[in-house]
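data_7.pdb (PDB, C-alpha atoms, pLDDT in the B column) appears below.
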```pdb
MODEL        1
ATOM      1  CA  MET A   1     -61.601  35.340  -9.721  1.00 51.00           C
ATOM      2  CA  LYS A   2     -61.855  31.787 -11.043  1.00 49.00           C
ATOM      3  CA  LYS A   3     -59.170  32.508 -13.657  1.00 52.00           C
ATOM      4  CA  ALA A   4     -56.804  33.969 -11.054  1.00 49.00           C
ATOM      5  CA  PHE A   5     -57.317  30.900  -8.865  1.00 42.00           C
ATOM      6  CA  LEU A   6     -56.454  28.576 -11.797  1.00 43.00           C
ATOM      7  CA  ILE A   7     -53.271  30.581 -12.529  1.00 49.00           C
ATOM      8  CA  PHE A   8     -52.333  30.329  -8.851  1.00 44.00           C
ATOM      9  CA  LEU A   9     -52.866  26.535  -8.860  1.00 43.00           C
ATOM     10  CA  SER A  10     -50.830  26.150 -12.070  1.00 51.00           C
ATOM     11  CA  ALA A  11     -47.947  28.134 -10.609  1.00 48.00           C
ATOM     12  CA  LEU A  12     -48.114  26.088  -7.416  1.00 44.00           C
ATOM     13  CA  LEU A  13     -47.964  22.850  -9.442  1.00 46.00           C
ATOM     14  CA  VAL A  14     -44.946  24.060 -11.438  1.00 45.00           C
ATOM     15  CA  PHE A  15     -43.055  24.966  -8.253  1.00 47.00           C
ATOM     16  CA  SER A  16     -43.974  21.636  -6.656  1.00 49.00           C
ATOM     17  CA  LEU A  17     -42.651  19.672  -9.642  1.00 46.00           C
ATOM     18  CA  ALA A  18     -39.460  21.726  -9.713  1.00 49.00           C
ATOM     19  CA  ALA A  19     -38.891  21.052  -6.034  1.00 50.00           C
ATOM     20  CA  CYS A  20     -39.411  17.305  -6.516  1.00 51.00           C
ATOM     21  CA  GLY A  21     -36.926  17.198  -9.370  1.00 51.00           C
ATOM     22  CA  SER A  22     -34.062  18.903  -7.580  1.00 48.00           C
ATOM     23  CA  ASP A  23     -31.659  16.880  -5.493  1.00 49.00           C
ATOM     24  CA  PRO A  24     -31.277  18.154  -1.960  1.00 51.00           C
ATOM     25  CA  LYS A  25     -27.723  18.984  -0.979  1.00 50.00           C
ATOM     26  CA  PRO A  26     -26.321  16.266   1.259  1.00 49.00           C
ATOM     27  CA  THR A  27     -25.508  17.315   4.768  1.00 42.00           C
ATOM     28  CA  PRO A  28     -21.763  17.009   5.216  1.00 44.00           C
ATOM     29  CA  THR A  29     -20.824  14.518   7.896  1.00 42.00           C
ATOM     30  CA  PRO A  30     -17.567  14.907   9.758  1.00 45.00           C
ATOM     31  CA  SER A  31     -15.011  12.314   8.703  1.00 63.00           C
ATOM     32  CA  VAL A  32     -13.969  11.082  12.126  1.00 74.00           C
ATOM     33  CA  LYS A  33     -11.538   8.194  12.043  1.00 82.00           C
ATOM     34  CA  PRO A  34     -11.597   5.576  14.784  1.00 91.00           C
ATOM     35  CA  THR A  35      -8.871   5.579  17.421  1.00 96.00           C
ATOM     36  CA  PRO A  36      -6.030   3.040  17.133  1.00 97.00           C
ATOM     37  CA  ALA A  37      -7.745   1.012  19.884  1.00 96.00           C
ATOM     38  CA  GLU A  38     -11.004   0.965  17.937  1.00 96.00           C
ATOM     39  CA  ILE A  39      -9.211  -0.121  14.742  1.00 97.00           C
ATOM     40  CA  GLU A  40      -7.458  -2.911  16.639  1.00 97.00           C
ATOM     41  CA  GLN A  41     -10.816  -4.043  18.031  1.00 96.00           C
ATOM     42  CA  LYS A  42     -12.265  -4.182  14.508  1.00 96.00           C
ATOM     43  CA  LEU A  43      -9.280  -6.269  13.364  1.00 96.00           C
ATOM     44  CA  SER A  44      -9.667  -8.721  16.236  1.00 96.00           C
ATOM     45  CA  GLU A  45     -13.377  -9.130  15.490  1.00 96.00           C
ATOM     46  CA  ALA A  46     -12.742  -9.671  11.770  1.00 96.00           C
ATOM     47  CA  VAL A  47     -10.057 -12.306  12.357  1.00 95.00           C
ATOM     48  CA  GLY A  48     -12.097 -14.007  15.080  1.00 94.00           C
ATOM     49  CA  LYS A  49     -11.520 -14.731  18.742  1.00 89.00           C
ATOM     50  CA  ASP A  50      -9.806 -18.091  18.237  1.00 90.00           C
ATOM     51  CA  ALA A  51      -7.536 -16.942  15.395  1.00 93.00           C
ATOM     52  CA  TYR A  52      -6.539 -13.508  16.731  1.00 94.00           C
ATOM     53  CA  LEU A  53      -3.430 -14.233  18.796  1.00 94.00           C
ATOM     54  CA  CYS A  54      -2.305 -10.699  19.750  1.00 94.00           C
ATOM     55  CA  ASP A  55      -2.949 -11.023  23.480  1.00 95.00           C
ATOM     56  CA  THR A  56      -0.108  -9.024  25.065  1.00 96.00           C
ATOM     57  CA  ASP A  57       0.714  -5.318  25.007  1.00 96.00           C
ATOM     58  CA  ILE A  58       4.135  -4.432  23.590  1.00 96.00           C
ATOM     59  CA  ASP A  59       5.873  -2.134  26.061  1.00 93.00           C
ATOM     60  CA  LYS A  60       7.284   1.270  25.177  1.00 94.00           C
ATOM     61  CA  GLU A  61      10.908   0.181  25.555  1.00 94.00           C
ATOM     62  CA  TRP A  62      10.404  -2.582  22.986  1.00 93.00           C
ATOM     63  CA  LEU A  63       8.826  -0.157  20.514  1.00 94.00           C
ATOM     64  CA  GLN A  64      11.689   2.308  21.020  1.00 94.00           C
ATOM     65  CA  ASN A  65      14.582  -0.152  21.111  1.00 91.00           C
ATOM     66  CA  VAL A  66      13.498  -2.862  18.652  1.00 89.00           C
ATOM     67  CA  TYR A  67      11.332  -0.908  16.229  1.00 93.00           C
ATOM     68  CA  ARG A  68      13.241   2.351  16.845  1.00 95.00           C
ATOM     69  CA  LEU A  69      10.005   4.343  16.988  1.00 97.00           C
ATOM     70  CA  ASP A  70      10.153   7.887  18.354  1.00 97.00           C
ATOM     71  CA  LEU A  71       7.105   7.836  20.618  1.00 96.00           C
ATOM     72  CA  SER A  72       7.324  11.602  21.121  1.00 97.00           C
ATOM     73  CA  GLN A  73       6.098  11.772  17.514  1.00 97.00           C
ATOM     74  CA  VAL A  74       3.131   9.467  18.203  1.00 97.00           C
ATOM     75  CA  ASP A  75      -0.164  10.891  19.458  1.00 97.00           C
ATOM     76  CA  GLU A  76      -1.929   7.565  20.067  1.00 97.00           C
ATOM     77  CA  TYR A  77      -1.033   3.945  19.560  1.00 97.00           C
ATOM     78  CA  VAL A  78      -1.912   0.327  20.182  1.00 97.00           C
ATOM     79  CA  ALA A  79       0.824  -2.299  20.030  1.00 97.00           C
ATOM     80  CA  LYS A  80       0.154  -5.976  20.697  1.00 97.00           C
ATOM     81  CA  GLN A  81       1.827  -9.292  20.063  1.00 95.00           C
ATOM     82  CA  ASN A  82       1.444 -12.901  21.107  1.00 94.00           C
ATOM     83  CA  SER A  83       2.656 -13.801  24.587  1.00 92.00           C
ATOM     84  CA  ILE A  84       4.843 -16.526  23.013  1.00 90.00           C
ATOM     85  CA  GLY A  85       6.415 -14.483  20.228  1.00 82.00           C
ATOM     86  CA  SER A  86       9.064 -17.093  19.465  1.00 80.00           C
ATOM     87  CA  VAL A  87       6.296 -19.443  18.305  1.00 84.00           C
ATOM     88  CA  ASN A  88       3.557 -17.065  17.170  1.00 88.00           C
ATOM     89  CA  PRO A  89       4.829 -14.026  15.236  1.00 92.00           C
ATOM     90  CA  ASP A  90       1.422 -12.296  15.366  1.00 95.00           C
ATOM     91  CA  THR A  91       1.850  -8.550  15.880  1.00 96.00           C
ATOM     92  CA  VAL A  92      -0.399  -5.507  15.494  1.00 97.00           C
ATOM     93  CA  ILE A  93       0.949  -1.948  15.774  1.00 98.00           C
ATOM     94  CA  ILE A  94      -1.397   0.935  15.010  1.00 98.00           C
ATOM     95  CA  LEU A  95      -0.002   4.455  15.264  1.00 97.00           C
ATOM     96  CA  LYS A  96      -1.585   7.859  14.921  1.00 97.00           C
ATOM     97  CA  VAL A  97       1.477  10.030  14.423  1.00 97.00           C
ATOM     98  CA  LYS A  98       2.267  13.731  14.246  1.00 97.00           C
ATOM     99  CA  ASP A  99       2.542  15.502  10.894  1.00 96.00           C
ATOM    100  CA  GLY A 100       5.780  14.697   9.096  1.00 96.00           C
ATOM    101  CA  TYR A 101       6.538  11.439  10.938  1.00 97.00           C
ATOM    102  CA  THR A 102       4.674   8.865   8.811  1.00 97.00           C
ATOM    103  CA  ASP A 103       7.561   8.051   6.455  1.00 97.00           C
ATOM    104  CA  LYS A 104       9.993   7.556   9.335  1.00 97.00           C
ATOM    105  CA  ALA A 105       7.499   5.358  11.180  1.00 97.00           C
ATOM    106  CA  VAL A 106       6.970   3.213   8.061  1.00 97.00           C
ATOM    107  CA  LYS A 107      10.739   2.866   7.616  1.00 97.00           C
ATOM    108  CA  ALA A 108      11.269   1.926  11.264  1.00 96.00           C
ATOM    109  CA  ILE A 109       8.535  -0.710  11.224  1.00 97.00           C
ATOM    110  CA  ASN A 110       9.790  -2.110   7.921  1.00 96.00           C
ATOM    111  CA  GLU A 111      13.220  -2.642   9.442  1.00 94.00           C
ATOM    112  CA  GLY A 112      11.657  -4.442  12.402  1.00 94.00           C
ATOM    113  CA  TYR A 113       9.602  -6.495   9.948  1.00 94.00           C
ATOM    114  CA  ALA A 114      12.782  -7.436   8.044  1.00 94.00           C
ATOM    115  CA  GLN A 115      14.185  -8.946  11.236  1.00 92.00           C
ATOM    116  CA  ILE A 116      11.037 -11.032  11.734  1.00 92.00           C
ATOM    117  CA  VAL A 117      11.261 -12.250   8.116  1.00 94.00           C
ATOM    118  CA  SER A 118      14.903 -13.206   8.709  1.00 91.00           C
ATOM    119  CA  TYR A 119      13.925 -15.124  11.863  1.00 90.00           C
ATOM    120  CA  ILE A 120      11.151 -17.151  10.219  1.00 88.00           C
ATOM    121  CA  ARG A 121      13.476 -18.041   7.360  1.00 89.00           C
ATOM    122  CA  GLN A 122      15.808 -19.622   9.909  1.00 89.00           C
ATOM    123  CA  TYR A 123      13.022 -21.185  11.983  1.00 83.00           C
ATOM    124  CA  PRO A 124      10.117 -21.697   9.566  1.00 81.00           C
ATOM    125  CA  PHE A 125       6.756 -21.382  11.313  1.00 79.00           C
ATOM    126  CA  GLY A 126       3.944 -19.107  10.292  1.00 85.00           C
ATOM    127  CA  THR A 127       6.006 -18.346   7.196  1.00 90.00           C
ATOM    128  CA  ALA A 128       3.102 -17.437   4.886  1.00 92.00           C
ATOM    129  CA  LYS A 129       1.496 -15.350   7.614  1.00 94.00           C
ATOM    130  CA  VAL A 130       4.689 -13.331   8.057  1.00 94.00           C
ATOM    131  CA  LEU A 131       5.520 -12.997   4.355  1.00 95.00           C
ATOM    132  CA  ASN A 132       2.013 -11.667   3.672  1.00 95.00           C
ATOM    133  CA  GLY A 133       2.251  -9.088   6.478  1.00 96.00           C
ATOM    134  CA  ARG A 134       0.600  -5.720   5.994  1.00 97.00           C
ATOM    135  CA  LEU A 135       1.967  -2.216   6.525  1.00 97.00           C
ATOM    136  CA  TYR A 136      -0.419   0.563   5.621  1.00 98.00           C
ATOM    137  CA  GLN A 137      -0.193   4.330   5.829  1.00 97.00           C
ATOM    138  CA  SER A 138      -3.215   6.585   5.428  1.00 96.00           C
ATOM    139  CA  GLY A 139      -3.139  10.199   6.554  1.00 95.00           C
ATOM    140  CA  ASN A 140      -1.413  10.203   9.938  1.00 96.00           C
ATOM    141  CA  TYR A 141      -2.124   6.526  10.591  1.00 97.00           C
ATOM    142  CA  VAL A 142       0.454   3.748  10.241  1.00 98.00           C
ATOM    143  CA  ILE A 143      -0.906   0.208  10.624  1.00 98.00           C
ATOM    144  CA  TYR A 144       1.257  -2.916  10.793  1.00 97.00           C
ATOM    145  CA  VAL A 145      -0.378  -6.341  10.963  1.00 97.00           C
ATOM    146  CA  ILE A 146       0.858  -9.905  11.116  1.00 96.00           C
ATOM    147  CA  ALA A 147      -2.254 -11.833  12.113  1.00 95.00           C
ATOM    148  CA  GLY A 148      -4.771 -14.491  11.197  1.00 92.00           C
ATOM    149  CA  ALA A 149      -5.431 -18.151  11.731  1.00 90.00           C
ATOM    150  CA  SER A 150      -2.306 -20.265  12.082  1.00 87.00           C
ATOM    151  CA  TYR A 151      -1.697 -23.134   9.672  1.00 86.00           C
ATOM    152  CA  GLU A 152      -0.833 -26.533  11.072  1.00 83.00           C
ATOM    153  CA  GLY A 153       0.742 -28.852   8.526  1.00 80.00           C
ATOM    154  CA  ASP A 154       3.407 -29.179   5.857  1.00 81.00           C
ATOM    155  CA  ASP A 155       1.519 -28.129   2.726  1.00 85.00           C
ATOM    156  CA  ALA A 156       3.045 -24.786   1.682  1.00 86.00           C
ATOM    157  CA  GLU A 157       0.301 -24.121  -0.865  1.00 91.00           C
ATOM    158  CA  ALA A 158      -2.471 -24.670   1.691  1.00 91.00           C
ATOM    159  CA  GLU A 159      -0.614 -22.453   4.162  1.00 89.00           C
ATOM    160  CA  SER A 160      -0.345 -19.712   1.551  1.00 92.00           C
ATOM    161  CA  LYS A 161      -4.067 -19.937   0.673  1.00 95.00           C
ATOM    162  CA  LEU A 162      -5.004 -19.655   4.347  1.00 93.00           C
ATOM    163  CA  ALA A 163      -2.818 -16.571   4.763  1.00 93.00           C
ATOM    164  CA  VAL A 164      -4.375 -14.921   1.704  1.00 95.00           C
ATOM    165  CA  SER A 165      -7.907 -15.568   2.990  1.00 94.00           C
ATOM    166  CA  GLU A 166      -7.057 -14.271   6.479  1.00 94.00           C
ATOM    167  CA  TYR A 167      -5.483 -11.072   5.155  1.00 96.00           C
ATOM    168  CA  ALA A 168      -8.551 -10.492   2.980  1.00 96.00           C
ATOM    169  CA  LYS A 169     -10.501 -10.007   6.242  1.00 96.00           C
ATOM    170  CA  ILE A 170      -7.876  -7.576   7.499  1.00 96.00           C
ATOM    171  CA  ASP A 171      -7.877  -5.651   4.221  1.00 97.00           C
ATOM    172  CA  GLU A 172     -11.676  -5.275   4.421  1.00 96.00           C
ATOM    173  CA  VAL A 173     -11.374  -3.672   7.861  1.00 96.00           C
ATOM    174  CA  ILE A 174      -8.745  -1.210   6.649  1.00 96.00           C
ATOM    175  CA  LYS A 175     -10.830  -0.391   3.589  1.00 96.00           C
ATOM    176  CA  SER A 176     -13.926   0.221   5.741  1.00 95.00           C
ATOM    177  CA  VAL A 177     -11.998   2.562   8.043  1.00 95.00           C
ATOM    178  CA  PHE A 178     -10.246   4.642   5.385  1.00 94.00           C
ATOM    179  CA  GLY A 179     -12.662   4.343   2.454  1.00 93.00           C
ATOM    180  CA  ALA A 180     -10.059   2.712   0.203  1.00 94.00           C
ATOM    181  CA  LEU A 181      -7.322   0.147   0.659  1.00 95.00           C
ATOM    182  CA  PRO A 182      -3.913   1.847   0.807  1.00 95.00           C
ATOM    183  CA  GLU A 183      -0.852   0.283  -0.815  1.00 96.00           C
ATOM    184  CA  ASN A 184       0.838  -2.418   1.251  1.00 96.00           C
ATOM    185  CA  LEU A 185       4.203  -0.883   2.187  1.00 97.00           C
ATOM    186  CA  ALA A 186       5.607  -3.988   3.901  1.00 96.00           C
ATOM    187  CA  VAL A 187       8.920  -4.815   2.218  1.00 95.00           C
ATOM    188  CA  VAL A 188       9.957  -8.472   2.220  1.00 93.00           C
ATOM    189  CA  PRO A 189      13.770  -8.404   2.013  1.00 90.00           C
ATOM    190  CA  GLU A 190      15.707 -10.595  -0.378  1.00 87.00           C
ATOM    191  CA  LYS A 191      17.032 -13.744   1.252  1.00 79.00           C
ATOM    192  CA  SER A 192      20.636 -12.635   0.703  1.00 58.00           C
ATOM    193  CA  SER A 193      20.200  -9.110   2.110  1.00 46.00           C
ATOM    194  CA  GLN A 194      22.094  -8.102   5.205  1.00 46.00           C
ATOM    195  CA  LEU A 195      19.932  -6.578   7.899  1.00 45.00           C
ATOM    196  CA  SER A 196      20.851  -3.408   9.683  1.00 43.00           C
ATOM    197  CA  GLY A 197      20.067  -2.943  13.345  1.00 42.00           C
ATOM    198  CA  GLY A 198      17.053  -0.655  12.878  1.00 42.00           C
ATOM    199  CA  ALA A 199      15.817   2.667  11.629  1.00 40.00           C
ATOM    200  CA  GLU A 200      17.888   5.741  12.218  1.00 38.00           C
TER
ENDMDL
END
```
Represent the structure from my file as structure tokens, please.
Amino acid sequence: MKKAFLIFLSALLVFSLAACGSDPKPTPTPSVKPTPAEIEQKLSEAVGKDAYLCDTDIDKEWLQNVYRLDLSQVDEYVAKQNSIGSVNPDTVIILKVKDGYTDKAVKAINEGYAQIVSYIRQYPFGTAKVLNGRLYQSGNYVIYVIAGASYEGDDAEAESKLAVSEYAKIDEVIKSVFGALPENLAVVPEKSSQLSGGAE
């Protein structure tokens, strides 16, 4: 009886040690991405209340006529700019688009971005902020950002450093949302390039 009890205890100990050594399988968690509005909120918080200047909604007609976006191919979006766009080029457009539309949306926004670059080359203000603009695509999301603290002064190097530090905050938000930082697809046109009217 005593021997059988010792064998039972030994077996119990072996099973206990085996159980401790095995890694439990992680419970899969659904990968739910935030809505465009939630992403925009995260961006505004990262940049900071005083530096985030996107205070006005961009209306549908502007998105369709200036950026040439087909909103029938967009499931959800947030689009904001500064109320005085001629002075503050800050713009945030976050789209969740239908399958197959991401490339066209990126192209359309890039052509709108090219026009903003052309404008700030004629009327230089917020130049570093614009030239460091971000255009990301991940899954069905397209995210376009010109934002951050504005530089006041004439030192181009200081302006550039400020823009880099501000976009680092924006990049961290995008990385936290998507798990990795996508490639920046914003295309800064050559100074001599001729701009077309918009995406087809």
Can you list, as a PyMOL selection string, every protein, DNA or RNA residue that comes within 12 Å of A:Glu157 when you count all atoms listed in the file, leaving out same-chain residues fewer than 5 positions away?
-> chain A and resi 127-128+151+162-164
Since we have the selection now, will you write its residues out, keeping C-alpha atoms, as a PDB file, in the frame of the given file?
```pdb
ATOM      1  CA  THR A 127       6.006 -18.346   7.196  1.00 90.00           C
ATOM      2  CA  ALA A 128       3.102 -17.437   4.886  1.00 92.00           C
ATOM      3  CA  TYR A 151      -1.697 -23.134   9.672  1.00 86.00           C
ATOM      4  CA  LEU A 162      -5.004 -19.655   4.347  1.00 93.00           C
ATOM      5  CA  ALA A 163      -2.818 -16.571   4.763  1.00 93.00           C
ATOM      6  CA  VAL A 164      -4.375 -14.921   1.704  1.00 95.00           C
TER       7      VAL A 164
END
```
Residue IDs satisfying the PyMOL selection byres ((chain A and resi 60) around 12), as an MDAnalysis selection string = chainID A and resid 57:59 61:72 74 77:80 93
Please return, as a PyMOL selection string, all polymer residues that have at least one atom within 9 Å of the point (1.7, 5.3, 8.1); use only C-alpha atoms and the file's own coordinate frame.
-> chain A and resi 94-97+101-106+135-144+185
Explicit residues for the PyMOL selection byres ((chain A and resi 82-88) around 12) (as an NGL selection string) | :A and (51-58 or 79-81 or 89-92 or 116 or 119-120 or 122-127 or 129-130 or 146-151)
Excluding same-chain residues fewer than 2 positions from stretch 169-182 of chain A, what lies within 6 Å of it counting only C-alpha atoms, as a PyMOL selection string?
-> chain A and resi 46+166-167
Atom CA of A:Val32 to atom CA of A:Ser44, distance in Å rounded to a single decimal = 20.7 Å
Pairwise distance for atom CA of A:Gly133 and atom CA of A:Asp99, rounded to one decimal in Å = 25.0 Å
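The coordinates place atom CA of A:Gly48 at 27.8 Å from atom CA of A:Ser118.
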For A:Ala168, which of A:Ile39, A:Pro34, A:Ala156, A:Arg134 is the closest residue, counting all atoms listed in the file?
-> A:Arg134
Draw an axis-aligned box over all listed atoms of stretch 164-172 of chain A, pad each side with 5 Å, and write its centre and edge lengths in Å, one decimal, as AutoDock Vina command-line options.
```
--center_x -8.0 --center_y -10.4 --center_z 4.6 --size_x 17.3 --size_y 20.3 --size_z 15.8
```
Could you pull stretch 157-174 of chain A out of the block above and save it with N, CA, C and O atoms, as a PDB file, in the first residue's frame?
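Below is the file that was written, selection24.pdb:
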```
ATOM      1  N   GLU A 157      17.450  75.454 -40.872  1.00  0.00           N
ATOM      2  CA  GLU A 157      17.894  74.229 -40.197  1.00  0.00           C
ATOM      3  C   GLU A 157      17.063  73.967 -38.941  1.00  0.00           C
ATOM      4  O   GLU A 157      16.655  72.830 -38.670  1.00  0.00           O
ATOM      5  N   ALA A 158      16.789  75.016 -38.180  1.00  0.00           N
ATOM      6  CA  ALA A 158      15.967  74.873 -36.973  1.00  0.00           C
ATOM      7  C   ALA A 158      14.540  74.467 -37.346  1.00  0.00           C
ATOM      8  O   ALA A 158      13.920  73.641 -36.666  1.00  0.00           O
ATOM      9  N   GLU A 159      14.034  75.038 -38.439  1.00  0.00           N
ATOM     10  CA  GLU A 159      12.696  74.681 -38.906  1.00  0.00           C
ATOM     11  C   GLU A 159      12.632  73.203 -39.292  1.00  0.00           C
ATOM     12  O   GLU A 159      11.681  72.491 -38.960  1.00  0.00           O
ATOM     13  N   SER A 160      13.676  72.743 -39.972  1.00  0.00           N
ATOM     14  CA  SER A 160      13.729  71.346 -40.391  1.00  0.00           C
ATOM     15  C   SER A 160      13.797  70.405 -39.187  1.00  0.00           C
ATOM     16  O   SER A 160      13.119  69.376 -39.135  1.00  0.00           O
ATOM     17  N   LYS A 161      14.607  70.757 -38.179  1.00  0.00           N
ATOM     18  CA  LYS A 161      14.721  69.930 -36.972  1.00  0.00           C
ATOM     19  C   LYS A 161      13.386  69.845 -36.246  1.00  0.00           C
ATOM     20  O   LYS A 161      13.010  68.785 -35.729  1.00  0.00           O
ATOM     21  N   LEU A 162      12.672  70.963 -36.169  1.00  0.00           N
ATOM     22  CA  LEU A 162      11.364  70.959 -35.514  1.00  0.00           C
ATOM     23  C   LEU A 162      10.404  70.033 -36.252  1.00  0.00           C
ATOM     24  O   LEU A 162       9.693  69.234 -35.628  1.00  0.00           O
ATOM     25  N   ALA A 163      10.395  70.125 -37.579  1.00  0.00           N
ATOM     26  CA  ALA A 163       9.502  69.266 -38.365  1.00  0.00           C
ATOM     27  C   ALA A 163       9.815  67.789 -38.137  1.00  0.00           C
ATOM     28  O   ALA A 163       8.902  66.973 -37.948  1.00  0.00           O
ATOM     29  N   VAL A 164      11.091  67.455 -38.120  1.00  0.00           N
ATOM     30  CA  VAL A 164      11.492  66.053 -37.902  1.00  0.00           C
ATOM     31  C   VAL A 164      11.015  65.565 -36.541  1.00  0.00           C
ATOM     32  O   VAL A 164      10.476  64.468 -36.405  1.00  0.00           O
ATOM     33  N   SER A 165      11.170  66.404 -35.502  1.00  0.00           N
ATOM     34  CA  SER A 165      10.757  65.983 -34.159  1.00  0.00           C
ATOM     35  C   SER A 165       9.236  65.870 -34.056  1.00  0.00           C
ATOM     36  O   SER A 165       8.713  64.978 -33.380  1.00  0.00           O
ATOM     37  N   GLU A 166       8.508  66.732 -34.739  1.00  0.00           N
ATOM     38  CA  GLU A 166       7.041  66.670 -34.704  1.00  0.00           C
ATOM     39  C   GLU A 166       6.527  65.424 -35.433  1.00  0.00           C
ATOM     40  O   GLU A 166       5.619  64.750 -34.968  1.00  0.00           O
ATOM     41  N   TYR A 167       7.134  65.111 -36.579  1.00  0.00           N
ATOM     42  CA  TYR A 167       6.684  63.931 -37.319  1.00  0.00           C
ATOM     43  C   TYR A 167       7.082  62.629 -36.624  1.00  0.00           C
ATOM     44  O   TYR A 167       6.445  61.598 -36.841  1.00  0.00           O
ATOM     45  N   ALA A 168       8.093  62.686 -35.762  1.00  0.00           N
ATOM     46  CA  ALA A 168       8.432  61.497 -34.973  1.00  0.00           C
ATOM     47  C   ALA A 168       7.261  61.118 -34.065  1.00  0.00           C
ATOM     48  O   ALA A 168       6.970  59.935 -33.861  1.00  0.00           O
ATOM     49  N   LYS A 169       6.558  62.110 -33.523  1.00  0.00           N
ATOM     50  CA  LYS A 169       5.376  61.846 -32.689  1.00  0.00           C
ATOM     51  C   LYS A 169       4.269  61.208 -33.520  1.00  0.00           C
ATOM     52  O   LYS A 169       3.596  60.273 -33.083  1.00  0.00           O
ATOM     53  N   ILE A 170       4.094  61.730 -34.725  1.00  0.00           N
ATOM     54  CA  ILE A 170       3.058  61.207 -35.623  1.00  0.00           C
ATOM     55  C   ILE A 170       3.383  59.771 -36.029  1.00  0.00           C
ATOM     56  O   ILE A 170       2.513  58.894 -36.021  1.00  0.00           O
ATOM     57  N   ASP A 171       4.646  59.527 -36.353  1.00  0.00           N
ATOM     58  CA  ASP A 171       5.069  58.182 -36.743  1.00  0.00           C
ATOM     59  C   ASP A 171       4.833  57.170 -35.618  1.00  0.00           C
ATOM     60  O   ASP A 171       4.451  56.027 -35.871  1.00  0.00           O
ATOM     61  N   GLU A 172       5.050  57.599 -34.367  1.00  0.00           N
ATOM     62  CA  GLU A 172       4.830  56.698 -33.228  1.00  0.00           C
ATOM     63  C   GLU A 172       3.362  56.299 -33.116  1.00  0.00           C
ATOM     64  O   GLU A 172       3.039  55.164 -32.790  1.00  0.00           O
ATOM     65  N   VAL A 173       2.469  57.238 -33.387  1.00  0.00           N
ATOM     66  CA  VAL A 173       1.031  56.926 -33.350  1.00  0.00           C
ATOM     67  C   VAL A 173       0.697  55.897 -34.422  1.00  0.00           C
ATOM     68  O   VAL A 173       0.025  54.895 -34.156  1.00  0.00           O
ATOM     69  N   ILE A 174       1.172  56.132 -35.633  1.00  0.00           N
ATOM     70  CA  ILE A 174       0.886  55.204 -36.735  1.00  0.00           C
ATOM     71  C   ILE A 174       1.448  53.818 -36.431  1.00  0.00           C
ATOM     72  O   ILE A 174       0.791  52.796 -36.649  1.00  0.00           O
TER      73      ILE A 174
END
```
